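Step one of this worksheet: look at the structure below.
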Amino acid sequence: MTRLAPESLLGAWSLLEWHVEAAGTDRLTWPFGRDAEGLLVYAPGWMSATLSQRRRTPLSAGSVRRADETSRARIVTEYLAYGGRWSMEGSTVIHEVSLALNPVLLGTRQVREVALRGAELTLSATEADGGQQRTHRLRWRRC
C-alpha cells in the first residue's frame, strides 16, 4: 500500500470523467453522461464534492419551492453534492459525510482508493448493487 501525504490532495479539482465498471464485463456507464461536470475541494480536515450532468433539465417553475414534485425529484437524479470531514489511511481517503443533497449519505463514510499522478487524481470505490459488483472511477484534474 502506497502512503500518500494528505497535503497532496489539498486544493480544488475539476472532474474529467466519472464512469462505472461492472465486474466481469467490459461494460462502462457514465452516471451523469460522458461530459459530466464536477468540483472537488479538499481543505485541511474538510472536503466538499459536487457533480452534475452538464445539461440539466429545467425546473417547472422559477424556484425549487414552486416547482412541481416531478421536477424537484429530478434534481436528485442529475446532481450530487456532499461534504464533511476527511482523512487518509495509506492510499485511501475517507469522507465523513455531514452535509448532503441526498439524506441517505448523511453520517456515512465514503471510502475511496486514491491514485495521484501529477495533476491528475483518480478516486475509486467498489460497491455491490443487487449482487453485481461495480467500481466507480472518478478522474479529476487539479484546478
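The way I read the labels, and the way they are meant: chains A, B, ... in the order of the C-alpha cells, residue 1 as the first residue of every chain, and ligand 1 as the first ligand shown, with later ones counted on from there.
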List every residue of region 44-95 of chain A that has an atom at most 12 Å from any atom of region 120-133 of chain A, giving for each one its closest atom pair and the distance in Å to one decimal, counting only C-alpha atoms, sorted by chain and then by ascending residue number, as CSV.
```
residue,atom,partner,partner_atom,distance
A:Ser91,CA,A:Leu123,CA,10.0
A:Thr92,CA,A:Leu123,CA,8.8
A:Val93,CA,A:Leu123,CA,8.5
A:Ile94,CA,A:Leu123,CA,10.7
A:His95,CA,A:Leu123,CA,11.6
```
Go ahead and write the selection's residues with N, CA and C atoms as a short mmCIF file (atom, residue, chain, number, x, y, z; two decimals), in the first residue's frame.
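Output file result39.cif follows:
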```cif
data_model
loop_
_atom_site.label_atom_id
_atom_site.label_comp_id
_atom_site.auth_asym_id
_atom_site.auth_seq_id
_atom_site.Cartn_x
_atom_site.Cartn_y
_atom_site.Cartn_z
N SER A 91 -3.25 4.74 1.03
CA SER A 91 -3.70 5.24 -0.27
C SER A 91 -5.22 5.32 -0.34
N THR A 92 -5.86 5.45 0.81
CA THR A 92 -7.32 5.53 0.90
C THR A 92 -7.72 6.85 1.54
N VAL A 93 -8.70 7.52 0.92
CA VAL A 93 -9.26 8.73 1.53
C VAL A 93 -10.65 8.37 2.03
N ILE A 94 -11.00 8.91 3.19
CA ILE A 94 -12.29 8.64 3.81
C ILE A 94 -13.02 9.96 3.98
N HIS A 95 -14.21 10.04 3.39
CA HIS A 95 -15.07 11.22 3.52
C HIS A 95 -16.14 10.90 4.56
#
```
Would you list the contacts of region 98-101 of chain A as a ChimeraX atom specification, taking every protein, DNA or RNA residue within 8 Å and counting only C-alpha atoms, but skipping same-chain residues closer than 5 positions in sequence? /A:76,80-85,106-107
Output for the residues just chosen: N, CA and C atoms as an mmCIF file, in the first residue's frame:
```
data_model
loop_
_atom_site.group_PDB
_atom_site.id
_atom_site.type_symbol
_atom_site.label_atom_id
_atom_site.label_comp_id
_atom_site.auth_asym_id
_atom_site.auth_seq_id
_atom_site.Cartn_x
_atom_site.Cartn_y
_atom_site.Cartn_z
ATOM 1 N N VAL A 76 -32.374 15.387 -7.824
ATOM 2 C CA VAL A 76 -31.537 14.381 -7.165
ATOM 3 C C VAL A 76 -30.916 13.419 -8.174
ATOM 4 N N LEU A 80 -25.260 15.710 -7.594
ATOM 5 C CA LEU A 80 -24.793 15.064 -6.368
ATOM 6 C C LEU A 80 -23.922 16.063 -5.624
ATOM 7 N N ALA A 81 -24.177 16.234 -4.344
ATOM 8 C CA ALA A 81 -23.362 17.140 -3.544
ATOM 9 C C ALA A 81 -23.284 16.613 -2.119
ATOM 10 N N TYR A 82 -22.060 16.617 -1.598
ATOM 11 C CA TYR A 82 -21.898 16.285 -0.185
ATOM 12 C C TYR A 82 -20.605 16.884 0.334
ATOM 13 N N GLY A 83 -20.484 16.961 1.645
ATOM 14 C CA GLY A 83 -19.275 17.492 2.259
ATOM 15 C C GLY A 83 -19.160 17.028 3.684
ATOM 16 N N GLY A 84 -17.995 17.263 4.267
ATOM 17 C CA GLY A 84 -17.752 16.892 5.650
ATOM 18 C C GLY A 84 -16.268 16.781 5.936
ATOM 19 N N ARG A 85 -15.936 16.055 6.989
ATOM 20 C CA ARG A 85 -14.547 15.838 7.387
ATOM 21 C C ARG A 85 -13.913 14.801 6.460
ATOM 22 N N LEU A 106 -25.974 11.007 4.605
ATOM 23 C CA LEU A 106 -25.650 11.632 5.889
ATOM 24 C C LEU A 106 -25.145 10.599 6.895
ATOM 25 N N GLY A 107 -24.031 10.919 7.521
ATOM 26 C CA GLY A 107 -23.466 10.034 8.534
ATOM 27 C C GLY A 107 -22.679 8.859 7.976
#
```
Among region 6-73 of chain A, which ones does DSSP place in helix (DSSP H, G or I), written as a PyMOL selection string? chain A and resi 6-9+69-73
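Atom to atom, CA of Arg54 (chain A) and CA of Ala119 (chain A) stand 22.7 Å apart.
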Please report the interatomic distance between CA of Arg112 (chain A) and CA of Gly24 (chain A) in Å with one decimal.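 Atom-to-atom, CA of Arg112 (chain A) and CA of Gly24 (chain A) are spaced 20.6 Å apart.
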Residue among A:Gly33, A:Ile75, A:Leu28, A:Gly45 lying closest to Leu59 (chain A), counting only C-alpha atoms: A:Ile75
Select from region 14-95 of chain A every residue with an atom at most 7 Å from any atom of region 5-10 of chain A, then for each give the shortest pair of atoms and their distance in Å to one decimal, using only C-alpha atoms, rows by chain and rising number, as a Markdown table.
```
| residue | atom | partner | partner_atom | distance |
| --- | --- | --- | --- | --- |
| A:Tyr42 | CA | A:Leu10 | CA | 4.8 |
| A:Ala43 | CA | A:Leu10 | CA | 5.6 |
| A:Met88 | CA | A:Pro6 | CA | 6.2 |
```
Produce a file of the selected residues containing C-alpha atoms, as a short mmCIF file (atom, residue, chain, number, x, y, z; two decimals), in the first residue's frame.
```
data_model
loop_
_atom_site.label_atom_id
_atom_site.label_comp_id
_atom_site.auth_asym_id
_atom_site.auth_seq_id
_atom_site.Cartn_x
_atom_site.Cartn_y
_atom_site.Cartn_z
CA TYR A 42 -10.01 19.48 -0.04
CA ALA A 43 -9.13 21.92 2.75
CA MET A 88 -6.32 9.49 4.77
#
```
Pick out the closest residue to Ser87 (chain A) from this set: A:Leu116, A:Ser52, A:Ala61, A:Pro44. Count only C-alpha atoms.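 Closest to Ser87 (chain A) of all the choices is A:Pro44.
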For Gly11 (chain A), which residue out of A:Thr29, A:Arg56, A:Asp35, A:Ser48 is the nearest one, using only C-alpha atoms?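 Closest to Gly11 (chain A) of all the choices is A:Ser48.
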Tell me, in Å to one decimal, how far CA of Pro31 (chain A) is from CA of Glu78 (chain A).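 A separation of 8.7 Å between them.
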In chain A, what's strand (DSSP E) per DSSP? Answer as a VMD selection string? chain A and resid 11 to 22 28 to 29 37 to 43 46 to 52 79 to 89 92 to 100 109 to 117 120 to 129 132 to 142
Mind dumping the selected residues with C-alpha atoms as an mmCIF file, in the first residue's frame?
```cif
data_model
loop_
_atom_site.group_PDB
_atom_site.id
_atom_site.type_symbol
_atom_site.label_atom_id
_atom_site.label_comp_id
_atom_site.auth_asym_id
_atom_site.auth_seq_id
_atom_site.Cartn_x
_atom_site.Cartn_y
_atom_site.Cartn_z
ATOM 1 C CA GLY A 11 -6.875 22.319 -3.244
ATOM 2 C CA ALA A 12 -9.550 22.268 -5.926
ATOM 3 C CA TRP A 13 -10.073 19.557 -8.548
ATOM 4 C CA SER A 14 -12.202 19.654 -11.712
ATOM 5 C CA LEU A 15 -13.952 16.478 -12.900
ATOM 6 C CA LEU A 16 -12.581 14.903 -16.071
ATOM 7 C CA GLU A 17 -14.697 11.747 -16.061
ATOM 8 C CA TRP A 18 -16.910 9.587 -13.856
ATOM 9 C CA HIS A 19 -17.613 6.111 -15.104
ATOM 10 C CA VAL A 20 -18.782 2.852 -13.561
ATOM 11 C CA GLU A 21 -17.347 -0.548 -14.471
ATOM 12 C CA ALA A 22 -19.471 -3.669 -13.966
ATOM 13 C CA LEU A 28 -18.931 1.086 -18.756
ATOM 14 C CA THR A 29 -21.685 3.511 -17.833
ATOM 15 C CA GLU A 37 -19.128 18.439 -14.519
ATOM 16 C CA GLY A 38 -17.742 18.405 -11.012
ATOM 17 C CA LEU A 39 -15.734 20.230 -8.403
ATOM 18 C CA LEU A 40 -13.911 18.553 -5.520
ATOM 19 C CA VAL A 41 -12.305 20.689 -2.815
ATOM 20 C CA TYR A 42 -10.014 19.484 -0.039
ATOM 21 C CA ALA A 43 -9.129 21.922 2.746
ATOM 22 C CA TRP A 46 -12.736 19.390 5.399
ATOM 23 C CA MET A 47 -13.934 18.444 1.910
ATOM 24 C CA SER A 48 -16.765 19.185 -0.480
ATOM 25 C CA ALA A 49 -17.807 17.393 -3.679
ATOM 26 C CA THR A 50 -20.348 18.440 -6.291
ATOM 27 C CA LEU A 51 -21.089 16.572 -9.522
ATOM 28 C CA SER A 52 -23.680 17.318 -12.161
ATOM 29 C CA TYR A 79 -26.864 16.420 -9.256
ATOM 30 C CA LEU A 80 -24.793 15.064 -6.368
ATOM 31 C CA ALA A 81 -23.362 17.140 -3.544
ATOM 32 C CA TYR A 82 -21.898 16.285 -0.185
ATOM 33 C CA GLY A 83 -19.275 17.492 2.259
ATOM 34 C CA GLY A 84 -17.752 16.892 5.650
ATOM 35 C CA ARG A 85 -14.547 15.838 7.387
ATOM 36 C CA TRP A 86 -11.901 13.798 5.585
ATOM 37 C CA SER A 87 -8.827 11.772 6.455
ATOM 38 C CA MET A 88 -6.324 9.485 4.774
ATOM 39 C CA GLU A 89 -5.191 5.971 5.597
ATOM 40 C CA THR A 92 -7.322 5.529 0.899
ATOM 41 C CA VAL A 93 -9.258 8.726 1.526
ATOM 42 C CA ILE A 94 -12.294 8.637 3.808
ATOM 43 C CA HIS A 95 -15.073 11.216 3.516
ATOM 44 C CA GLU A 96 -17.202 11.518 6.686
ATOM 45 C CA VAL A 97 -20.435 12.934 5.239
ATOM 46 C CA SER A 98 -22.141 15.580 7.408
ATOM 47 C CA LEU A 99 -23.976 17.541 4.659
ATOM 48 C CA ALA A 100 -25.558 16.056 1.527
ATOM 49 C CA ARG A 109 -18.148 7.027 5.419
ATOM 50 C CA GLN A 110 -17.360 7.245 1.719
ATOM 51 C CA VAL A 111 -14.127 5.304 1.227
ATOM 52 C CA ARG A 112 -12.098 5.891 -1.950
ATOM 53 C CA GLU A 113 -8.850 4.415 -3.224
ATOM 54 C CA VAL A 114 -6.539 7.211 -4.352
ATOM 55 C CA ALA A 115 -4.165 7.318 -7.317
ATOM 56 C CA LEU A 116 -2.291 10.567 -7.843
ATOM 57 C CA ARG A 117 -0.238 11.100 -10.991
ATOM 58 C CA GLU A 120 -4.481 14.046 -12.149
ATOM 59 C CA LEU A 121 -6.305 12.385 -9.252
ATOM 60 C CA THR A 122 -8.334 9.178 -9.561
ATOM 61 C CA LEU A 123 -10.732 8.136 -6.807
ATOM 62 C CA SER A 124 -12.175 4.610 -6.997
ATOM 63 C CA ALA A 125 -14.847 2.889 -4.950
ATOM 64 C CA THR A 126 -16.385 -0.566 -5.296
ATOM 65 C CA GLU A 127 -19.980 -1.329 -4.347
ATOM 66 C CA ALA A 128 -22.386 -4.238 -4.576
ATOM 67 C CA ASP A 129 -25.541 -3.294 -6.472
ATOM 68 C CA GLN A 132 -23.460 -7.163 -9.053
ATOM 69 C CA GLN A 133 -20.134 -5.628 -8.075
ATOM 70 C CA ARG A 134 -19.448 -2.233 -9.647
ATOM 71 C CA THR A 135 -16.446 0.082 -9.448
ATOM 72 C CA HIS A 136 -16.849 3.838 -9.695
ATOM 73 C CA ARG A 137 -13.820 5.682 -11.092
ATOM 74 C CA LEU A 138 -13.709 9.459 -10.892
ATOM 75 C CA ARG A 139 -10.825 11.248 -12.600
ATOM 76 C CA TRP A 140 -10.039 14.793 -11.547
ATOM 77 C CA ARG A 141 -7.558 17.455 -12.688
ATOM 78 C CA ARG A 142 -6.080 19.978 -10.287
#
```
